[in-house]
Each structure stands twice: as C-alpha cells, then as structure tokens.
>>> print(open('structure.cif').read())   # mmCIF, C-alpha atoms
data_run
loop_
_atom_site.group_PDB
_atom_site.id
_atom_site.type_symbol
_atom_site.label_atom_id
_atom_site.label_comp_id
_atom_site.auth_asym_id
_atom_site.auth_seq_id
_atom_site.Cartn_x
_atom_site.Cartn_y
_atom_site.Cartn_z
ATOM 1 C CA MET R 29 3.068 29.446 23.105
ATOM 2 C CA ARG R 30 0.156 31.884 23.055
ATOM 3 C CA THR R 31 -3.318 30.789 24.126
ATOM 4 C CA PRO R 32 -5.496 30.033 21.077
ATOM 5 C CA ARG R 33 -8.228 32.663 20.736
ATOM 6 C CA THR R 34 -10.584 30.816 18.417
ATOM 7 C CA ILE R 35 -11.193 27.138 19.084
ATOM 8 C CA ALA R 36 -13.410 24.631 17.290
ATOM 9 C CA VAL R 37 -14.612 21.421 18.915
ATOM 10 C CA VAL R 38 -15.776 18.597 16.643
ATOM 11 C CA ALA R 39 -17.295 15.894 18.814
ATOM 12 C CA HIS R 40 -18.829 12.446 18.351
ATOM 13 C CA GLN R 41 -22.023 12.559 20.425
ATOM 14 C CA ARG R 42 -21.946 8.849 21.281
ATOM 15 C CA LYS R 43 -18.428 8.811 22.734
ATOM 16 C CA ASN R 44 -17.553 9.591 26.305
ATOM 17 C CA LEU R 45 -14.588 10.635 28.438
ATOM 18 C CA GLY R 46 -14.521 11.907 32.021
ATOM 19 C CA GLY R 47 -17.556 14.076 32.717
ATOM 20 C CA GLY R 48 -18.509 14.188 29.039
ATOM 21 C CA LEU R 49 -18.915 17.108 26.649
ATOM 22 C CA ASP R 50 -20.301 19.460 29.314
ATOM 23 C CA GLU R 51 -17.088 19.080 31.290
ATOM 24 C CA LEU R 52 -15.031 19.588 28.141
ATOM 25 C CA ARG R 53 -16.821 22.874 27.464
ATOM 26 C CA ARG R 54 -16.229 24.045 31.042
ATOM 27 C CA ARG R 55 -12.542 23.201 30.925
ATOM 28 C CA ILE R 56 -11.995 24.917 27.577
ATOM 29 C CA THR R 57 -13.845 28.093 28.554
ATOM 30 C CA GLY R 58 -11.746 28.210 31.704
ATOM 31 C CA HIS R 59 -8.902 29.391 29.479
ATOM 32 C CA GLU R 60 -8.732 32.788 27.762
ATOM 33 C CA VAL R 61 -10.784 31.807 24.723
ATOM 34 C CA GLU R 62 -12.444 34.560 22.713
ATOM 35 C CA LYS R 63 -14.537 32.366 20.427
ATOM 36 C CA LEU R 64 -15.630 28.751 20.744
ATOM 37 C CA LEU R 65 -17.185 26.962 17.760
ATOM 38 C CA TRP R 66 -19.012 23.784 18.753
ATOM 39 C CA TYR R 67 -19.965 20.987 16.360
ATOM 40 C CA GLU R 68 -21.468 17.652 17.440
ATOM 41 C CA VAL R 69 -22.000 14.759 15.030
ATOM 42 C CA PRO R 70 -23.864 11.423 15.460
ATOM 43 C CA LYS R 71 -21.206 9.417 13.585
ATOM 44 C CA SER R 72 -17.628 9.954 12.445
ATOM 45 C CA ARG R 73 -18.506 10.107 8.754
ATOM 46 C CA LYS R 74 -20.386 13.346 9.494
ATOM 47 C CA ALA R 75 -17.256 15.010 10.916
ATOM 48 C CA PRO R 76 -15.550 16.166 7.684
ATOM 49 C CA ALA R 77 -18.206 18.775 6.857
ATOM 50 C CA GLN R 78 -17.797 20.311 10.320
ATOM 51 C CA VAL R 79 -13.999 20.251 10.152
ATOM 52 C CA ARG R 80 -14.176 22.087 6.833
ATOM 53 C CA LYS R 81 -16.288 24.776 8.548
ATOM 54 C CA ALA R 82 -13.612 25.114 11.222
ATOM 55 C CA VAL R 83 -10.872 25.459 8.608
ATOM 56 C CA LYS R 84 -12.883 28.115 6.782
ATOM 57 C CA ALA R 85 -13.377 29.990 10.066
ATOM 58 C CA GLY R 86 -9.608 30.164 10.522
ATOM 59 C CA VAL R 87 -9.510 28.601 13.987
ATOM 60 C CA ASP R 88 -6.335 28.588 16.079
ATOM 61 C CA LEU R 89 -6.981 25.095 17.455
ATOM 62 C CA LEU R 90 -9.162 22.133 16.487
ATOM 63 C CA VAL R 91 -10.273 19.833 19.309
ATOM 64 C CA VAL R 92 -11.384 16.379 18.142
ATOM 65 C CA TRP R 93 -13.498 14.353 20.584
ATOM 66 C CA GLY R 94 -13.895 10.675 19.764
ATOM 67 C CA GLY R 95 -12.036 7.569 18.706
ATOM 68 C CA ASP R 96 -9.691 6.742 15.866
ATOM 69 C CA GLY R 97 -12.476 7.043 13.280
ATOM 70 C CA MET R 98 -13.166 10.653 14.274
ATOM 71 C CA VAL R 99 -9.467 11.457 14.345
ATOM 72 C CA GLN R 100 -8.851 9.843 10.954
ATOM 73 C CA ARG R 101 -11.687 11.644 9.203
ATOM 74 C CA SER R 102 -10.728 14.972 10.785
ATOM 75 C CA LEU R 103 -7.036 14.704 9.910
ATOM 76 C CA ASP R 104 -7.952 13.631 6.390
ATOM 77 C CA VAL R 105 -9.785 16.938 5.898
ATOM 78 C CA LEU R 106 -6.909 18.990 7.319
ATOM 79 C CA ALA R 107 -4.376 17.241 5.076
ATOM 80 C CA ARG R 108 -6.515 17.985 1.996
ATOM 81 C CA GLU R 109 -7.696 21.539 2.744
ATOM 82 C CA LYS R 110 -5.544 24.505 1.794
ATOM 83 C CA GLY R 111 -4.069 25.834 5.014
ATOM 84 C CA GLY R 112 -5.668 23.036 7.042
ATOM 85 C CA SER R 113 -2.380 21.392 7.947
ATOM 86 C CA LYS R 114 -1.329 24.568 9.787
ATOM 87 C CA ILE R 115 -4.126 24.180 12.350
ATOM 88 C CA PRO R 116 -2.957 22.269 15.450
ATOM 89 C CA VAL R 117 -5.179 19.396 16.580
ATOM 90 C CA ALA R 118 -5.885 18.424 20.182
ATOM 91 C CA ILE R 119 -7.194 14.866 20.544
ATOM 92 C CA MET R 120 -9.669 14.010 23.289
ATOM 93 C CA PRO R 121 -9.417 10.168 23.272
ATOM 94 C CA ALA R 122 -13.055 9.253 23.928
ATOM 95 C CA GLY R 123 -13.270 6.195 21.664
ATOM 96 C CA THR R 124 -12.786 2.437 21.956
ATOM 97 C CA GLY R 125 -9.191 1.983 20.883
ATOM 98 C CA ASN R 126 -7.736 5.520 20.782
ATOM 99 C CA LEU R 127 -4.700 4.068 19.040
ATOM 100 C CA PHE R 128 -3.276 7.260 17.574
ATOM 101 C CA ALA R 129 -3.588 9.090 20.892
ATOM 102 C CA THR R 130 -2.007 6.162 22.755
ATOM 103 C CA ASN R 131 0.922 6.037 20.354
ATOM 104 C CA LEU R 132 1.479 9.771 20.886
ATOM 105 C CA GLY R 133 1.301 9.523 24.682
ATOM 106 C CA ILE R 134 -2.048 11.327 25.019
ATOM 107 C CA PRO R 135 -3.897 9.749 27.977
ATOM 108 C CA ALA R 136 -7.618 8.978 28.192
ATOM 109 C CA ASP R 137 -7.901 11.516 30.976
ATOM 110 C CA MET R 138 -10.002 14.637 30.447
ATOM 111 C CA GLU R 139 -7.978 16.994 32.649
ATOM 112 C CA ARG R 140 -4.627 15.899 31.211
ATOM 113 C CA ALA R 141 -5.846 15.907 27.596
ATOM 114 C CA VAL R 142 -7.127 19.484 27.898
ATOM 115 C CA GLU R 143 -3.879 20.537 29.569
ATOM 116 C CA ILE R 144 -1.959 19.082 26.604
ATOM 117 C CA ALA R 145 -4.225 20.991 24.215
ATOM 118 C CA PHE R 146 -3.280 24.342 25.768
ATOM 119 C CA SER R 147 0.240 23.838 27.079
ATOM 120 C CA GLY R 148 1.597 20.735 25.369
ATOM 121 C CA GLU R 149 4.080 20.619 22.516
ATOM 122 C CA ARG R 150 2.861 20.966 18.933
ATOM 123 C CA ARG R 151 4.606 18.555 16.597
ATOM 124 C CA ARG R 152 4.204 17.585 12.981
ATOM 125 C CA PHE R 153 3.423 13.957 12.152
ATOM 126 C CA ASP R 154 3.207 11.865 9.013
ATOM 127 C CA LEU R 155 0.039 10.366 7.597
ATOM 128 C CA GLY R 156 -0.455 7.539 5.168
ATOM 129 C CA ARG R 157 -2.616 7.990 2.080
ATOM 130 C CA LEU R 158 -4.588 5.204 0.384
ATOM 131 C CA ALA R 159 -7.111 5.736 -2.438
ATOM 132 C CA GLY R 160 -6.864 9.480 -1.792
ATOM 133 C CA GLU R 161 -7.818 9.132 1.891
ATOM 134 C CA HIS R 162 -5.384 9.794 4.733
ATOM 135 C CA PHE R 163 -4.885 7.545 7.752
ATOM 136 C CA ALA R 164 -2.960 8.085 10.982
ATOM 137 C CA VAL R 165 -2.643 4.585 12.457
ATOM 138 C CA MET R 166 -2.883 1.860 9.837
ATOM 139 C CA ALA R 167 -4.510 0.410 6.757
ATOM 140 C CA GLY R 168 -5.279 -3.294 6.612
ATOM 141 C CA ILE R 169 -6.749 -5.828 4.235
ATOM 142 C CA GLY R 170 -7.616 -9.507 4.563
ATOM 143 C CA PHE R 171 -8.038 -10.878 8.089
ATOM 144 C CA ASP R 172 -7.743 -7.379 9.564
ATOM 145 C CA GLY R 173 -10.201 -5.776 7.151
ATOM 146 C CA ALA R 174 -12.815 -8.520 7.660
ATOM 147 C CA MET R 175 -12.408 -8.349 11.435
ATOM 148 C CA ILE R 176 -12.857 -4.566 11.489
ATOM 149 C CA LYS R 177 -15.903 -4.749 9.200
ATOM 150 C CA ASP R 178 -17.667 -7.191 11.541
ATOM 151 C CA ALA R 179 -16.673 -5.243 14.670
ATOM 152 C CA ASP R 180 -17.762 -1.885 13.259
ATOM 153 C CA GLY R 181 -20.826 -0.046 14.558
ATOM 154 C CA ASP R 182 -23.148 -1.353 17.267
ATOM 155 C CA LEU R 183 -21.031 -4.383 18.210
ATOM 156 C CA LYS R 184 -18.027 -2.164 18.941
ATOM 157 C CA ASP R 185 -20.239 0.213 20.932
ATOM 158 C CA ARG R 186 -21.575 -2.672 23.052
ATOM 159 C CA LEU R 187 -18.416 -4.737 23.554
ATOM 160 C CA GLY R 188 -15.614 -2.192 23.146
ATOM 161 C CA LYS R 189 -12.227 -3.849 22.568
ATOM 162 C CA LEU R 190 -13.799 -7.297 23.041
ATOM 163 C CA ALA R 191 -15.566 -6.778 19.713
ATOM 164 C CA TYR R 192 -12.210 -7.197 17.960
ATOM 165 C CA VAL R 193 -11.474 -10.399 19.871
ATOM 166 C CA TRP R 194 -14.901 -11.846 19.084
ATOM 167 C CA THR R 195 -14.786 -11.055 15.368
ATOM 168 C CA GLY R 196 -11.110 -12.007 15.132
ATOM 169 C CA ILE R 197 -11.897 -15.545 16.295
ATOM 170 C CA ARG R 198 -14.530 -15.812 13.561
ATOM 171 C CA HIS R 199 -12.055 -14.915 10.817
ATOM 172 C CA VAL R 200 -8.958 -16.983 11.634
ATOM 173 C CA ASN R 201 -9.923 -19.422 8.880
ATOM 174 C CA GLY R 202 -10.684 -16.705 6.339
ATOM 175 C CA GLU R 203 -9.428 -16.231 2.785
ATOM 176 C CA THR R 204 -5.704 -16.249 2.013
ATOM 177 C CA PRO R 205 -5.503 -15.012 -1.602
ATOM 178 C CA ARG R 206 -2.224 -14.648 -3.425
ATOM 179 C CA ALA R 207 -0.804 -11.158 -2.961
ATOM 180 C CA LYS R 208 1.821 -9.404 -5.043
ATOM 181 C CA ILE R 209 3.426 -6.481 -3.224
ATOM 182 C CA LYS R 210 5.880 -3.917 -4.507
ATOM 183 C CA ILE R 211 7.917 -1.786 -2.118
ATOM 184 C CA ASP R 212 8.993 1.547 -3.624
ATOM 185 C CA GLY R 213 8.544 0.052 -7.077
ATOM 186 C CA GLN R 214 10.466 -3.169 -6.429
ATOM 187 C CA PRO R 215 8.918 -6.681 -6.033
ATOM 188 C CA TRP R 216 8.966 -7.778 -2.382
ATOM 189 C CA PHE R 217 6.256 -10.406 -1.755
ATOM 190 C CA ASP R 218 4.464 -12.883 -4.028
ATOM 191 C CA ASP R 219 2.602 -15.598 -2.115
ATOM 192 C CA GLU R 220 -0.601 -16.354 -0.202
ATOM 193 C CA ALA R 221 -1.360 -13.793 2.489
ATOM 194 C CA SER R 222 -4.020 -13.788 5.174
ATOM 195 C CA CYS R 223 -3.420 -10.138 6.068
ATOM 196 C CA VAL R 224 -1.539 -7.104 4.763
ATOM 197 C CA LEU R 225 -0.977 -4.225 7.197
ATOM 198 C CA ILE R 226 0.470 -0.792 6.521
ATOM 199 C CA GLY R 227 1.289 1.089 9.699
ATOM 200 C CA ASN R 228 2.200 4.655 10.561
ATOM 201 C CA VAL R 229 2.678 3.781 14.248
ATOM 202 C CA GLY R 230 3.861 0.745 16.185
ATOM 203 C CA ARG R 231 0.825 -0.188 18.275
ATOM 204 C CA ILE R 232 -2.293 -1.291 16.380
ATOM 205 C CA THR R 233 -5.697 -2.932 16.983
ATOM 206 C CA GLY R 234 -5.955 -4.665 20.356
ATOM 207 C CA GLY R 235 -2.800 -2.948 21.598
ATOM 208 C CA ILE R 236 -0.583 -5.318 19.580
ATOM 209 C CA HIS R 237 2.885 -3.901 18.930
ATOM 210 C CA ALA R 238 2.970 -4.977 15.299
ATOM 211 C CA PHE R 239 5.729 -2.673 14.056
ATOM 212 C CA ASP R 240 8.612 -2.554 16.502
ATOM 213 C CA ASP R 241 10.547 0.282 14.856
ATOM 214 C CA ALA R 242 7.667 2.399 13.531
ATOM 215 C CA ALA R 243 7.446 6.119 14.314
ATOM 216 C CA PRO R 244 4.818 8.556 13.001
ATOM 217 C CA ASP R 245 7.430 11.225 12.274
ATOM 218 C CA ASP R 246 10.139 9.256 10.452
ATOM 219 C CA GLY R 247 8.920 9.756 6.864
ATOM 220 C CA TRP R 248 8.206 6.043 6.381
ATOM 221 C CA LEU R 249 5.303 3.599 6.482
ATOM 222 C CA ASP R 250 5.865 0.137 7.932
ATOM 223 C CA VAL R 251 4.534 -2.884 6.059
ATOM 224 C CA GLY R 252 3.624 -6.287 7.442
ATOM 225 C CA VAL R 253 2.345 -9.429 5.749
ATOM 226 C CA ALA R 254 0.898 -12.322 7.743
ATOM 227 C CA THR R 255 0.838 -15.788 6.207
ATOM 228 C CA ALA R 256 -0.701 -17.484 9.251
ATOM 229 C CA GLN R 257 -3.663 -19.777 8.552
ATOM 230 C CA GLY R 258 -5.961 -21.265 11.165
ATOM 231 C CA ALA R 259 -6.218 -20.712 14.904
ATOM 232 C CA LEU R 260 -2.940 -22.432 15.838
ATOM 233 C CA GLN R 261 -0.712 -20.446 13.485
ATOM 234 C CA TRP R 262 -2.459 -17.179 14.381
ATOM 235 C CA ALA R 263 -1.987 -17.943 18.076
ATOM 236 C CA ARG R 264 1.727 -18.514 17.495
ATOM 237 C CA ALA R 265 2.077 -15.303 15.455
ATOM 238 C CA LEU R 266 0.211 -13.146 17.989
ATOM 239 C CA GLY R 267 2.065 -14.774 20.871
ATOM 240 C CA THR R 268 5.393 -13.855 19.304
ATOM 241 C CA MET R 269 4.212 -10.255 18.859
ATOM 242 C CA ALA R 270 3.185 -10.133 22.511
ATOM 243 C CA VAL R 271 6.528 -11.219 23.949
ATOM 244 C CA GLY R 272 9.097 -10.337 21.281
ATOM 245 C CA ARG R 273 9.643 -8.674 17.931
ATOM 246 C CA SER R 274 6.877 -9.263 15.403
ATOM 247 C CA ASP R 275 9.357 -9.916 12.592
ATOM 248 C CA SER R 276 10.762 -12.902 14.480
ATOM 249 C CA SER R 277 7.584 -14.894 13.774
ATOM 250 C CA PRO R 278 7.801 -17.370 10.862
ATOM 251 C CA PHE R 279 4.312 -16.234 9.837
ATOM 252 C CA VAL R 280 5.127 -12.518 9.587
ATOM 253 C CA ARG R 281 7.268 -10.486 7.192
ATOM 254 C CA THR R 282 7.891 -6.779 7.734
ATOM 255 C CA THR R 283 9.686 -3.937 5.991
ATOM 256 C CA ARG R 284 9.269 -0.190 5.482
ATOM 257 C CA ALA R 285 8.519 1.920 2.441
ATOM 258 C CA ARG R 286 7.472 5.278 1.142
ATOM 259 C CA ARG R 287 5.101 3.679 -1.364
ATOM 260 C CA ILE R 288 3.393 0.273 -1.319
ATOM 261 C CA ASP R 289 1.525 -1.320 -4.243
ATOM 262 C CA VAL R 290 -0.660 -4.366 -3.535
ATOM 263 C CA LYS R 291 -2.458 -6.668 -5.991
ATOM 264 C CA LEU R 292 -4.692 -9.516 -4.778
ATOM 265 C CA GLU R 293 -6.179 -12.536 -6.511
ATOM 266 C CA SER R 294 -9.637 -11.763 -5.131
ATOM 267 C CA LYS R 295 -11.438 -8.761 -3.651
ATOM 268 C CA LEU R 296 -11.246 -8.254 0.117
ATOM 269 C CA GLU R 297 -12.453 -5.563 2.514
ATOM 270 C CA TYR R 298 -9.898 -3.049 3.678
ATOM 271 C CA GLU R 299 -9.904 -0.738 6.694
ATOM 272 C CA LEU R 300 -8.428 2.616 7.637
ATOM 273 C CA ASP R 301 -7.811 3.342 11.329
ATOM 274 C CA GLY R 302 -10.480 0.869 12.419
ATOM 275 C CA GLY R 303 -13.097 2.008 9.904
ATOM 276 C CA ALA R 304 -14.349 -0.496 7.328
ATOM 277 C CA ARG R 305 -14.140 0.405 3.647
ATOM 278 C CA THR R 306 -15.193 -1.334 0.418
ATOM 279 C CA LYS R 307 -13.718 -4.460 -1.155
ATOM 280 C CA THR R 308 -10.802 -4.092 -3.539
ATOM 281 C CA LYS R 309 -8.308 -6.218 -5.484
ATOM 282 C CA LYS R 310 -5.540 -3.650 -5.665
ATOM 283 C CA PHE R 311 -4.448 -0.470 -3.959
ATOM 284 C CA SER R 312 -1.460 1.790 -3.459
ATOM 285 C CA ALA R 313 -0.446 3.598 -0.288
ATOM 286 C CA GLU R 314 2.160 6.272 0.298
ATOM 287 C CA VAL R 315 3.509 8.315 3.161
ATOM 288 C CA VAL R 316 2.738 12.038 3.469
ATOM 289 C CA PRO R 317 5.550 13.400 5.652
ATOM 290 C CA GLY R 318 4.686 16.049 8.255
ATOM 291 C CA ALA R 319 1.092 16.226 7.043
ATOM 292 C CA VAL R 320 -0.537 17.444 10.283
ATOM 293 C CA GLN R 321 0.277 19.204 13.549
ATOM 294 C CA ILE R 322 -0.811 17.508 16.802
ATOM 295 C CA CYS R 323 -0.729 18.667 20.426
ATOM 296 C CA VAL R 324 1.288 16.133 22.439
ATOM 297 C CA PRO R 325 2.771 15.981 25.940
ATOM 298 C CA ALA R 326 5.901 18.125 26.208
ATOM 299 C CA ASP R 327 9.131 16.206 25.509
ATOM 300 C CA SER R 328 7.169 13.058 24.633
ATOM 301 C CA GLU R 329 8.390 10.428 22.211
ATOM 302 C CA PRO R 330 5.893 8.419 20.108
ATOM 303 C CA ALA R 331 5.359 4.888 21.455
#
>>> encode(input="structure.cif", output="structure tokens")
Amino acid sequence: MRTPRTIAVVAHQRKNLGGGLDELRRRITGHEVEKLLWYEVPKSRKAPAQVRKAVKAGVDLLVVWGGDGMVQRSLDVLAREKGGSKIPVAIMPAGTGNLFATNLGIPADMERAVEIAFSGERRRFDLGRLAGEHFAVMAGIGFDGAMIKDADGDLKDRLGKLAYVWTGIRHVNGETPRAKIKIDGQPWFDDEASCVLIGNVGRITGGIHAFDDAAPDDGWLDVGVATAQGALQWARALGTMAVGRSDSSPFVRTTRARRIDVKLESKLEYELDGGARTKTKKFSAEVVPGAVQICVPADSEPA
C-alpha cells in the first residue's frame, strides 16, 4: 500500500487523545506526506462542511479526530458525496464512547491509531441509513433516545461514560408506546416497547454487547426491541446482556433485516451514534452495504 500523499485531518477541538492535536500533526508529518489539509471544528455538526472540502480536494486519506458523533457525521458525508466512498478513513478515537472504533479494533492509543492509518488494512464496511442520514453504530428510539438526549453536550463532556448511567437511571420509568415494526416488509412486532434499537455493530452505548451476531460488513442491520419497564426489569435485561446472549432475556427480542419500518403511538426522540435527533412517530432504516472504507488493524475481525 502506497503512502498517501494528500491527507486531510478533520478534528473536534474539544476532544483529546495522547498528546493532543499537536502530537497528531507531528506523527502524520513524520511520514512522506506532500500535502496536509487541517480542519478543526468546535462541534461535530460543523464537520460535514470540512469533510466536503476534503472530498473536493481529492485527498488520499481522511483522518477523523473525535468521538462517534464526529465519525458519524464524517462518514455520512462520504457516503453521500460522489467519489467520497473511495476515500479511506482513519479514525483517531478521541471521544467518550468511541464505539465504532472499538468494534473495529482501533485502540484509543495515538501511536497505534496513526500506525493503522498508514500501514493498516483498508476494508469496506456497511452503514445504516435513517431519514436520509447514515449511521455507523446504531439508531435508537424510546429509552435509548431519551437517555442520549439528556446525556448530550456538556454533561457528557463533564462525566464521560457516567453521563449515560446517570441519565439512564432517570429514564427507566419512561414512556412505553405501542410500536408496530415491519422487517423487510413483513410484520414482526406489535406491542408496547420501551426501546427500539437498530445496530450495525455488536457493542453499543456503555459497552453493552446488545447484538451478539452483528458484524458491520455482513450486509445486514440487527434489530432489538426492549419491553422492559421499571428499574427491576431493566436490571434483569441488562444483567442478561452482560453475562449471556441478549436474545435470551424475556424482555428483549432481536432479529436482523435489510430494511426496518417502525410506527409508534406517540412521538419520541431518536438518536444516531450517540447524537440526539428530533422526535418522530415513524421512521424507516435500511442497510447500505460496503458504503465506506476504513483503516483497521491488519487481519482484524470486527468485535
């Protein structure tokens, strides 16, 4: 694999890894790089405009510095832009959860992450797409969406992963509207649901292995519905996920699909890769096979 000559870095200014962005610049310029484009943003929602500049510049490699929000918004641009999906992406996991990186075996270690960017394997991975927006890890609505909304922003910056625990406790007695779910056009679920999750990978918020057989390169999305209500049932469901298969819990149903259609009795917030979105009563999600190319450790298998 030849050394990329033109590299773009899109970085979240408020995220940190190793010696920070100065160290990242030093490590990148230590390789035979002819041109380095550098874009820093104060929040992940500002990243797409900079990623589009990188695509237009025809870079050989895009380095994304930040958490799952930065990765999601960057990959969304690449999957939409003509020719964008051909640009390999190197993830520098500088965020709170770093779920996509973790699932791909990319460590939160500056030296190793840069090494993977230049000498790792480049593999194509699926993305999910919901309301026209792509996601790499998961989409969630109900308990998960409300929890993410409360944990978003300053609270997550202050408490890190504990923000999800804190807000999760507050929402265990939340709404459980009736949900009607179709899997690839066929009825699958029609009952009260406290949470609907659609996953592209196995490990989700809080490190929970929600989808035991999920893989981000299998051409499928995994679907989970939780019917747990109250602290006791949620404790039992999460406990089962921690020590065994998630689908063995009486409060969890799982399957896989290429397209998922969800209708709810009432509007609830949804989230994409840990980023809160607006309330909705219905949505559809579908898999986009091989949508992006990511730098991963050589001979690695997704977790």
>>> atom_distance(input="structure.cif", atom1="atom CA of Lys114 of chain R", atom2="atom CA of Arg287 of chain R")
24.5 Å
>>> closest_residue(input="structure.cif", among="R:Leu127, R:Ala36, R:Leu49, R:Val61", to="Gly86 of chain R", atoms="all atoms listed in the file")
R:Ala36
>>> resolve_selection(input="structure.cif", expression="the PyMOL selection byres ((chain R and resi 147) around 12)", output="list in words")
Met29, Arg30, Thr31, Pro32, His59, Ala118, Arg140, Ala141, Val142, Glu143, Ile144, Ala145, Phe146, Gly148, Glu149, Arg150, Cys323, Val324, Pro325, Ala326 and Asp327 of chain R
>>> closest_residue(input="structure.cif", among="R:Leu292, R:Ala107, R:Ile226, R:Met120", to="Ala242 of chain R", atoms="all atoms listed in the file")
R:Ile226
>>> residues_around(input="structure.cif", residues="segment 40-43 of chain R", least_positions_apart="3", cutoff="12 Å", atoms="only C-alpha atoms", output="PyMOL selection string")
chain R and resi 37+46-50+66-76+78+91-99+101-102+120-126+181-182+184-186+188
>>> residues_around(input="structure.cif", residues="Val165 of chain R", least_positions_apart="4", cutoff="6 Å", atoms="all atoms listed in the file", output="list in words")
Phe128, Gly227, Asn228, Val229 and Asp301 of chain R
>>> resolve_selection(input="structure.cif", expression="the PyMOL selection byres ((chain R and resi 116) around 6)", output="list in words")
Leu89, Ile115, Val117, Gln321 and Ile322 of chain R
>>> residues_around(input="structure.cif", residues="Glu161 of chain R", least_positions_apart="2", cutoff="10 Å", atoms="all atoms listed in the file", output="PyMOL selection string")
chain R and resi 100-101+103-105+107-108+155-159+163+300+313
>>> atom_distance(input="structure.cif", atom1="atom CA of Ser294 of chain R", atom2="atom CA of Gly170 of chain R")
10.2 Å
>>> resolve_selection(input="structure.cif", expression="the PyMOL selection byres ((chain R and resi 245-248) around 6)", output="list of chain:residue names")
R:Phe153, R:Asp154, R:Ala243, R:Pro244, R:Leu249, R:Ala285, R:Arg286, R:Pro317
>>> closest_residue(input="structure.cif", among="R:His237, R:Lys295, R:Arg33, R:Arg54", to="Leu90 of chain R", atoms="only C-alpha atoms")
R:Arg33
>>> atom_distance(input="structure.cif", atom1="atom CA of Thr204 of chain R", atom2="atom CA of Glu220 of chain R")
5.6 Å
>>> closest_residue(input="structure.cif", among="R:Ile232, R:Ile169, R:Val251, R:Leu225", to="Thr306 of chain R", atoms="only C-alpha atoms")
R:Ile169
>>> decode(input="structure.cif", residues="segment 243-255 of chain R", atoms="N, CA, C and O atoms", output="mmCIF file, in the first residue's frame")
data_model
loop_
_atom_site.group_PDB
_atom_site.id
_atom_site.type_symbol
_atom_site.label_atom_id
_atom_site.label_comp_id
_atom_site.auth_asym_id
_atom_site.auth_seq_id
_atom_site.Cartn_x
_atom_site.Cartn_y
_atom_site.Cartn_z
ATOM 1 N N ALA R 243 -22.260 -7.840 12.637
ATOM 2 C CA ALA R 243 -20.965 -7.528 12.015
ATOM 3 C C ALA R 243 -21.187 -6.383 11.038
ATOM 4 O O ALA R 243 -22.179 -6.386 10.299
ATOM 5 N N PRO R 244 -20.293 -5.396 11.015
ATOM 6 C CA PRO R 244 -20.503 -4.222 10.164
ATOM 7 C C PRO R 244 -20.153 -4.446 8.694
ATOM 8 O O PRO R 244 -20.101 -3.490 7.920
ATOM 9 N N ASP R 245 -19.921 -5.702 8.315
ATOM 10 C CA ASP R 245 -19.613 -5.987 6.913
ATOM 11 C C ASP R 245 -20.399 -7.186 6.390
ATOM 12 O O ASP R 245 -19.986 -7.841 5.434
ATOM 13 N N ASP R 246 -21.564 -7.461 7.031
ATOM 14 C CA ASP R 246 -22.338 -8.640 6.641
ATOM 15 C C ASP R 246 -23.553 -8.315 5.774
ATOM 16 O O ASP R 246 -24.316 -9.216 5.398
ATOM 17 N N GLY R 247 -23.767 -7.018 5.465
ATOM 18 C CA GLY R 247 -24.902 -6.648 4.624
ATOM 19 C C GLY R 247 -26.241 -6.638 5.333
ATOM 20 O O GLY R 247 -27.287 -6.562 4.685
ATOM 21 N N TRP R 248 -26.218 -6.669 6.670
ATOM 22 C CA TRP R 248 -27.449 -6.683 7.459
ATOM 23 C C TRP R 248 -27.396 -5.619 8.550
ATOM 24 O O TRP R 248 -26.320 -5.209 8.980
ATOM 25 N N LEU R 249 -28.571 -5.222 9.037
ATOM 26 C CA LEU R 249 -28.703 -4.465 10.274
ATOM 27 C C LEU R 249 -29.370 -5.377 11.294
ATOM 28 O O LEU R 249 -30.247 -6.172 10.941
ATOM 29 N N ASP R 250 -28.956 -5.274 12.548
ATOM 30 C CA ASP R 250 -29.584 -6.051 13.608
ATOM 31 C C ASP R 250 -30.609 -5.184 14.327
ATOM 32 O O ASP R 250 -30.396 -3.980 14.517
ATOM 33 N N VAL R 251 -31.706 -5.796 14.722
ATOM 34 C CA VAL R 251 -32.828 -5.066 15.317
ATOM 35 C C VAL R 251 -33.138 -5.648 16.690
ATOM 36 O O VAL R 251 -33.193 -6.874 16.854
ATOM 37 N N GLY R 252 -33.312 -4.776 17.666
ATOM 38 C CA GLY R 252 -33.678 -5.219 19.001
ATOM 39 C C GLY R 252 -34.813 -4.381 19.558
ATOM 40 O O GLY R 252 -34.837 -3.160 19.374
ATOM 41 N N VAL R 253 -35.749 -5.038 20.216
ATOM 42 C CA VAL R 253 -36.848 -4.347 20.889
ATOM 43 C C VAL R 253 -36.833 -4.740 22.350
ATOM 44 O O VAL R 253 -36.793 -5.928 22.681
ATOM 45 N N ALA R 254 -36.831 -3.741 23.229
ATOM 46 C CA ALA R 254 -36.886 -3.997 24.672
ATOM 47 C C ALA R 254 -38.288 -3.684 25.175
ATOM 48 O O ALA R 254 -38.849 -2.631 24.851
ATOM 49 N N THR R 255 -38.838 -4.600 25.953
ATOM 50 C CA THR R 255 -40.161 -4.392 26.540
ATOM 51 C C THR R 255 -40.071 -4.170 28.041
ATOM 52 O O THR R 255 -41.091 -4.063 28.717
#
